[in-house]
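A.B. asks: mmCIF, C-alpha atoms, saved as data_5.cif, coming up:
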```
data_structure
#
loop_
_atom_site.group_PDB
_atom_site.id
_atom_site.type_symbol
_atom_site.label_atom_id
_atom_site.label_comp_id
_atom_site.auth_asym_id
_atom_site.auth_seq_id
_atom_site.Cartn_x
_atom_site.Cartn_y
_atom_site.Cartn_z
ATOM 1 C CA MET Q 1 -98.985 -85.862 16.719
ATOM 2 C CA ARG Q 2 -102.680 -85.111 16.359
ATOM 3 C CA THR Q 3 -101.961 -82.535 13.606
ATOM 4 C CA ALA Q 4 -100.050 -85.153 11.648
ATOM 5 C CA ARG Q 5 -103.007 -87.559 11.829
ATOM 6 C CA VAL Q 6 -105.491 -84.901 10.767
ATOM 7 C CA LEU Q 7 -103.290 -83.850 7.869
ATOM 8 C CA THR Q 8 -102.793 -87.462 6.819
ATOM 9 C CA GLY Q 9 -106.547 -88.078 6.817
ATOM 10 C CA ALA Q 10 -107.192 -84.849 4.931
ATOM 11 C CA GLY Q 11 -104.507 -85.708 2.374
ATOM 12 C CA LEU Q 12 -105.979 -89.150 1.797
ATOM 13 C CA ALA Q 13 -109.479 -87.714 1.427
ATOM 14 C CA ILE Q 14 -108.277 -85.103 -1.057
ATOM 15 C CA ALA Q 15 -106.471 -87.797 -3.056
ATOM 16 C CA ALA Q 16 -109.589 -89.982 -3.131
ATOM 17 C CA PHE Q 17 -111.884 -87.147 -4.181
ATOM 18 C CA GLY Q 18 -109.364 -85.819 -6.700
ATOM 19 C CA LEU Q 19 -109.161 -89.172 -8.457
ATOM 20 C CA ALA Q 20 -112.924 -89.529 -8.476
ATOM 21 C CA GLY Q 21 -113.277 -86.126 -10.168
ATOM 22 C CA GLY Q 22 -110.868 -86.918 -13.023
ATOM 23 C CA PRO Q 23 -113.267 -88.746 -15.346
ATOM 24 C CA ALA Q 24 -115.706 -85.830 -15.207
ATOM 25 C CA PHE Q 25 -113.549 -84.014 -17.744
ATOM 26 C CA ALA Q 26 -114.275 -86.663 -20.385
ATOM 27 C CA GLY Q 27 -117.380 -84.652 -21.330
ATOM 28 C CA ASP Q 28 -115.151 -81.796 -22.470
ATOM 29 C CA PHE Q 29 -114.278 -83.646 -25.695
ATOM 30 C CA ASP Q 30 -116.371 -83.357 -28.821
ATOM 31 C CA LYS Q 31 -116.205 -84.487 -32.421
ATOM 32 C CA LEU Q 32 -114.184 -82.576 -35.007
ATOM 33 C CA GLU Q 33 -115.586 -82.777 -38.522
ATOM 34 C CA ILE Q 34 -112.828 -82.894 -41.154
ATOM 35 C CA SER Q 35 -113.656 -82.261 -44.786
ATOM 36 C CA PRO Q 36 -112.565 -84.030 -46.798
ATOM 37 C CA SER Q 37 -111.559 -86.763 -44.361
ATOM 38 C CA GLY Q 38 -109.242 -88.387 -46.906
ATOM 39 C CA VAL Q 39 -106.827 -86.233 -48.909
ATOM 40 C CA GLN Q 40 -103.657 -86.243 -50.913
ATOM 41 C CA PRO Q 41 -100.600 -84.223 -49.865
ATOM 42 C CA GLY Q 42 -100.933 -80.520 -50.716
ATOM 43 C CA ALA Q 43 -104.717 -80.411 -50.221
ATOM 44 C CA THR Q 44 -106.519 -77.806 -48.126
ATOM 45 C CA VAL Q 45 -108.622 -79.247 -45.304
ATOM 46 C CA THR Q 46 -111.544 -77.600 -43.533
ATOM 47 C CA VAL Q 47 -112.354 -78.509 -39.935
ATOM 48 C CA SER Q 48 -115.480 -77.612 -37.982
ATOM 49 C CA THR Q 49 -116.961 -78.334 -34.553
ATOM 50 C CA LEU Q 50 -119.815 -77.402 -32.265
ATOM 51 C CA ALA Q 51 -117.604 -77.753 -29.163
ATOM 52 C CA CYS Q 52 -116.731 -74.044 -28.972
ATOM 53 C CA GLY Q 53 -120.337 -72.898 -28.567
ATOM 54 C CA LYS Q 54 -122.135 -69.850 -29.936
ATOM 55 C CA LYS Q 55 -119.782 -67.419 -31.638
ATOM 56 C CA GLY Q 56 -116.885 -69.330 -30.095
ATOM 57 C CA MET Q 57 -113.259 -69.407 -31.137
ATOM 58 C CA GLY Q 58 -110.461 -71.935 -30.920
ATOM 59 C CA ASN Q 59 -107.025 -73.049 -32.059
ATOM 60 C CA GLY Q 60 -106.384 -76.177 -34.077
ATOM 61 C CA ASP Q 61 -103.298 -78.383 -34.180
ATOM 62 C CA ALA Q 62 -102.352 -80.239 -37.376
ATOM 63 C CA SER Q 63 -98.744 -80.915 -36.401
ATOM 64 C CA ALA Q 64 -99.350 -84.694 -36.396
ATOM 65 C CA VAL Q 65 -99.571 -84.612 -40.206
ATOM 66 C CA GLY Q 66 -96.738 -82.088 -40.467
ATOM 67 C CA GLY Q 67 -99.120 -79.165 -40.849
ATOM 68 C CA PRO Q 68 -99.261 -76.027 -38.721
ATOM 69 C CA ALA Q 69 -98.984 -76.452 -34.973
ATOM 70 C CA SER Q 70 -101.640 -73.777 -34.650
ATOM 71 C CA PHE Q 71 -104.425 -72.549 -36.915
ATOM 72 C CA ASP Q 72 -107.438 -70.431 -35.977
ATOM 73 C CA LEU Q 73 -111.061 -71.473 -35.829
ATOM 74 C CA LYS Q 74 -113.687 -68.762 -35.938
ATOM 75 C CA ALA Q 75 -117.463 -68.533 -35.899
ATOM 76 C CA SER Q 76 -119.065 -69.446 -39.210
ATOM 77 C CA THR Q 77 -122.376 -68.500 -40.765
ATOM 78 C CA HIS Q 78 -123.998 -71.148 -38.564
ATOM 79 C CA GLU Q 79 -124.369 -69.711 -35.072
ATOM 80 C CA GLU Q 80 -122.837 -72.555 -33.052
ATOM 81 C CA LEU Q 81 -120.296 -73.866 -35.585
ATOM 82 C CA VAL Q 82 -116.653 -72.785 -35.711
ATOM 83 C CA THR Q 83 -114.465 -73.541 -38.719
ATOM 84 C CA GLY Q 84 -110.843 -73.310 -39.761
ATOM 85 C CA GLN Q 85 -108.531 -74.459 -42.540
ATOM 86 C CA PHE Q 86 -105.003 -75.729 -42.973
ATOM 87 C CA LYS Q 87 -102.928 -77.125 -45.817
ATOM 88 C CA VAL Q 88 -101.572 -80.672 -45.702
ATOM 89 C CA PRO Q 89 -97.845 -80.460 -46.495
ATOM 90 C CA ASP Q 90 -96.655 -81.814 -49.843
ATOM 91 C CA THR Q 91 -94.293 -84.076 -47.892
ATOM 92 C CA ALA Q 92 -97.043 -85.773 -45.837
ATOM 93 C CA LYS Q 93 -96.779 -89.560 -45.707
ATOM 94 C CA ASN Q 94 -99.621 -92.046 -46.066
ATOM 95 C CA GLY Q 95 -101.497 -92.659 -42.835
ATOM 96 C CA THR Q 96 -104.238 -91.605 -40.479
ATOM 97 C CA TYR Q 97 -103.485 -88.564 -38.343
ATOM 98 C CA GLY Q 98 -105.239 -87.082 -35.335
ATOM 99 C CA ILE Q 99 -106.224 -83.421 -35.678
ATOM 100 C CA GLY Q 100 -107.213 -81.564 -32.527
ATOM 101 C CA VAL Q 101 -108.879 -78.294 -31.558
ATOM 102 C CA ARG Q 102 -108.891 -76.470 -28.226
ATOM 103 C CA CYS Q 103 -111.715 -73.977 -27.804
ATOM 104 C CA LYS Q 104 -111.507 -70.752 -25.812
ATOM 105 C CA ASN Q 105 -114.211 -72.201 -23.516
ATOM 106 C CA GLY Q 106 -111.838 -75.054 -22.538
ATOM 107 C CA LYS Q 107 -113.506 -77.823 -24.523
ATOM 108 C CA GLU Q 108 -111.605 -79.895 -27.062
ATOM 109 C CA ALA Q 109 -112.541 -81.710 -30.257
ATOM 110 C CA THR Q 110 -110.645 -84.342 -32.203
ATOM 111 C CA GLY Q 111 -110.967 -86.072 -35.548
ATOM 112 C CA ASP Q 112 -109.018 -88.203 -38.003
ATOM 113 C CA LEU Q 113 -107.472 -87.155 -41.296
ATOM 114 C CA MET Q 114 -106.368 -89.828 -43.750
ATOM 115 C CA VAL Q 115 -103.545 -88.991 -46.168
ATOM 116 C CA ASN Q 116 -103.077 -91.233 -49.200
ATOM 117 C CA ASN Q 117 -100.877 -90.247 -52.110
ATOM 118 C CA GLY Q 118 -101.577 -93.557 -53.862
ATOM 119 C CA SER Q 119 -97.885 -94.423 -54.306
ATOM 120 C CA SER Q 120 -97.122 -96.693 -51.352
ATOM 121 C CA PRO Q 121 -98.879 -99.264 -49.169
ATOM 122 C CA ALA Q 122 -101.006 -98.221 -46.239
ATOM 123 C CA PRO Q 123 -99.062 -97.890 -42.973
ATOM 124 C CA SER Q 124 -100.933 -100.749 -41.276
ATOM 125 C CA GLY Q 125 -99.219 -103.288 -43.530
ATOM 126 C CA SER Q 126 -102.392 -103.994 -45.472
ATOM 127 C CA PRO Q 127 -102.486 -103.348 -49.209
ATOM 128 C CA ALA Q 128 -103.286 -99.758 -50.116
ATOM 129 C CA LYS Q 129 -106.761 -99.056 -51.408
ATOM 130 C CA GLU Q 130 -107.196 -96.458 -54.067
ATOM 131 C CA MET Q 131 -109.170 -93.424 -52.974
ATOM 132 C CA PRO Q 132 -112.497 -93.136 -54.770
ATOM 133 C CA ALA Q 133 -112.681 -90.343 -57.306
ATOM 134 C CA GLY Q 134 -114.748 -87.251 -56.680
ATOM 135 C CA PRO Q 135 -115.169 -84.833 -53.793
ATOM 136 C CA GLY Q 136 -116.569 -86.108 -50.509
ATOM 137 C CA LYS Q 137 -116.013 -89.786 -51.372
ATOM 138 C CA ALA Q 138 -112.870 -90.400 -49.357
ATOM 139 C CA MET Q 139 -112.223 -93.628 -47.476
ATOM 140 C CA PRO Q 140 -113.096 -93.421 -43.775
ATOM 141 C CA PRO Q 141 -110.153 -93.615 -41.360
ATOM 142 C CA LYS Q 142 -109.649 -96.780 -39.321
ATOM 143 C CA GLY Q 143 -108.085 -97.370 -35.939
ATOM 144 C CA GLY Q 144 -107.228 -95.021 -33.117
ATOM 145 C CA MET Q 145 -105.807 -91.539 -33.374
ATOM 146 C CA LYS Q 146 -102.047 -91.178 -33.393
ATOM 147 C CA THR Q 147 -101.799 -88.123 -31.156
ATOM 148 C CA GLY Q 148 -99.227 -89.419 -28.709
ATOM 149 C CA VAL Q 149 -101.585 -88.894 -25.777
ATOM 150 C CA GLY Q 150 -103.554 -91.710 -24.193
ATOM 151 C CA GLY Q 151 -104.459 -94.938 -25.891
ATOM 152 C CA THR Q 152 -106.419 -96.010 -28.889
ATOM 153 C CA SER Q 153 -109.970 -97.266 -28.967
ATOM 154 C CA ASP Q 154 -108.504 -100.795 -28.870
ATOM 155 C CA ASP Q 155 -107.122 -100.214 -25.353
ATOM 156 C CA SER Q 156 -109.303 -101.478 -22.543
ATOM 157 C CA GLY Q 157 -107.558 -99.311 -19.946
ATOM 158 C CA THR Q 158 -107.245 -102.242 -17.536
ATOM 159 C CA ALA Q 159 -103.934 -101.057 -16.077
ATOM 160 C CA GLU Q 160 -105.331 -97.594 -15.369
ATOM 161 C CA ILE Q 161 -108.443 -99.034 -13.733
ATOM 162 C CA VAL Q 162 -106.391 -101.352 -11.511
ATOM 163 C CA ALA Q 163 -104.031 -98.518 -10.525
ATOM 164 C CA GLY Q 164 -106.949 -96.222 -9.700
ATOM 165 C CA ALA Q 165 -108.649 -98.925 -7.643
ATOM 166 C CA ALA Q 166 -105.399 -99.525 -5.737
ATOM 167 C CA VAL Q 167 -105.045 -95.835 -4.892
ATOM 168 C CA LEU Q 168 -108.659 -95.617 -3.727
ATOM 169 C CA ALA Q 169 -108.264 -98.780 -1.635
ATOM 170 C CA THR Q 170 -105.128 -97.336 -0.027
ATOM 171 C CA ALA Q 171 -106.982 -94.122 0.778
ATOM 172 C CA ALA Q 172 -109.863 -96.098 2.309
ATOM 173 C CA VAL Q 173 -107.516 -98.208 4.450
ATOM 174 C CA GLY Q 174 -105.631 -95.085 5.594
ATOM 175 C CA GLY Q 175 -108.855 -93.297 6.464
ATOM 176 C CA THR Q 176 -110.136 -96.320 8.382
ATOM 177 C CA PHE Q 177 -106.838 -96.520 10.274
ATOM 178 C CA VAL Q 178 -107.036 -92.853 11.290
ATOM 179 C CA LEU Q 179 -110.673 -93.159 12.393
ATOM 180 C CA ARG Q 180 -110.023 -96.324 14.429
ATOM 181 C CA ARG Q 181 -107.117 -94.670 16.219
ATOM 182 C CA ARG Q 182 -109.296 -91.682 17.010
ATOM 183 C CA MET Q 183 -112.091 -93.894 18.299
ATOM 184 C CA GLY Q 184 -109.674 -95.905 20.425
ATOM 185 C CA SER Q 185 -108.312 -92.758 22.089
ATOM 186 C CA GLY Q 186 -111.779 -91.300 22.559
ATOM 187 C CA ARG Q 187 -111.106 -88.231 20.399
ATOM 188 C CA LEU Q 188 -113.686 -88.777 17.681
#
```
Please lay out the structure from this file as structure tokens.
C.D. replies:
Amino acid sequence: MRTARVLTGAGLAIAAFGLAGGPAFAGDFDKLEISPSGVQPGATVTVSTLACGKKGMGNGDASAVGGPASFDLKASTHEELVTGQFKVPDTAKNGTYGIGVRCKNGKEATGDLMVNNGSSPAPSGSPAKEMPAGPGKAMPPKGGMKTGVGGTSDDSGTAEIVAGAAVLATAAVGGTFVLRRRMGSGRL
């Protein structure tokens, strides 16, 4: 019986510490620069990030826009910058797409790519704006990334916070219960 109590307390402690360590990984995300940030279907896009570190390497994912599920990023002429390229498919639809990179060092970087072929309204239901002429003068993307993972910047995360607080409260109550039983039996 004592082994069961010890294991229960240890399990609750591990659960509490494991949940507390989760948000620490948020620092592993960095910004992915996409140039140009607004393109028409068929264009070649260059991505770059500092997330991979000195002479780092990584793999990009442009599958959200219908591009390659994997493209390479390699060290550039700048010591800490890695770059890569992919082609936006000719069949890409209007919209803002999340492009991601996973570095060999475990860090990740994300950015938005806006596709606008000028022939149909913007996906948000608002009237389409024409893209300004000239290189580097693309419209900035709006809204959250459509990566299928997590929420957008509009989410407050209230449900996740409440669920996490409930789990931590349960762990605290369980730990208190185990300690009180130990103290009552004189085996502390």
A.B. asks: So which residues get picked by the PyMOL selection byres ((chain Q and resi 49-56) around 12) here, written as an NGL selection string?
C.D. replies: :Q and (27-35 or 46-48 or 57-60 or 72-84 or 99-111)
A.B. asks: Could you give me, as a PyMOL selection string, the residues within 7 Å of Met114 (chain Q), counting all atoms listed in the file and dropping anything in the same chain fewer than 4 positions from it?
C.D. replies: chain Q and resi 37-39+95-97+141
A.B. asks: Please identify all polymer residues lying at most 8 Å from the point (-101.3, -80.7, -40.8) (file coordinates), using all atoms listed in the file, and present the result as a ChimeraX atom specification.
C.D. replies: /Q:61-69,86-89,99
A.B. asks: Here is a test: counting only C-alpha atoms, which residue of Q:Val178, Q:Ile161, Q:Ala166, Q:Ala43 is nearest to Leu113 (chain Q)?
C.D. replies: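 Among Q:Val178, Q:Ile161, Q:Ala166, Q:Ala43, it is Q:Ala43 that comes nearest to Leu113 (chain Q).
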A.B. asks: At what distance in Å, to one decimal, does CA of Gln40 (chain Q) lie from CA of Asn117 (chain Q)?
C.D. replies: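 Calculated distance between CA of Asn117 (chain Q) and CA of Gln40 (chain Q) is 5.0 Å.
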A.B. asks: What does the structure give for the distance between CA of Thr158 (chain Q) and CA of Asp112 (chain Q), in Å to one decimal?
C.D. replies: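 Calculated distance between CA of Thr158 (chain Q) and CA of Asp112 (chain Q) is 24.9 Å.
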A.B. asks: Separation of CA of Arg182 (chain Q) and CA of Gly164 (chain Q), in Å?
C.D. replies: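 About the pair CA of Arg182 (chain Q) and CA of Gly164 (chain Q): they are 27.2 Å apart.
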A.B. asks: So for region 56-69 of chain Q, what box centre and size do we get, axis-aligned, 4 Å extra on each of the six sides, every listed atom, Å to one decimal, as lines of an AutoDock Vina configuration file?
C.D. replies:
```
center_x = -106.8
center_y = -77.0
center_z = -35.5
size_x = 28.1
size_y = 23.4
size_z = 18.8
```
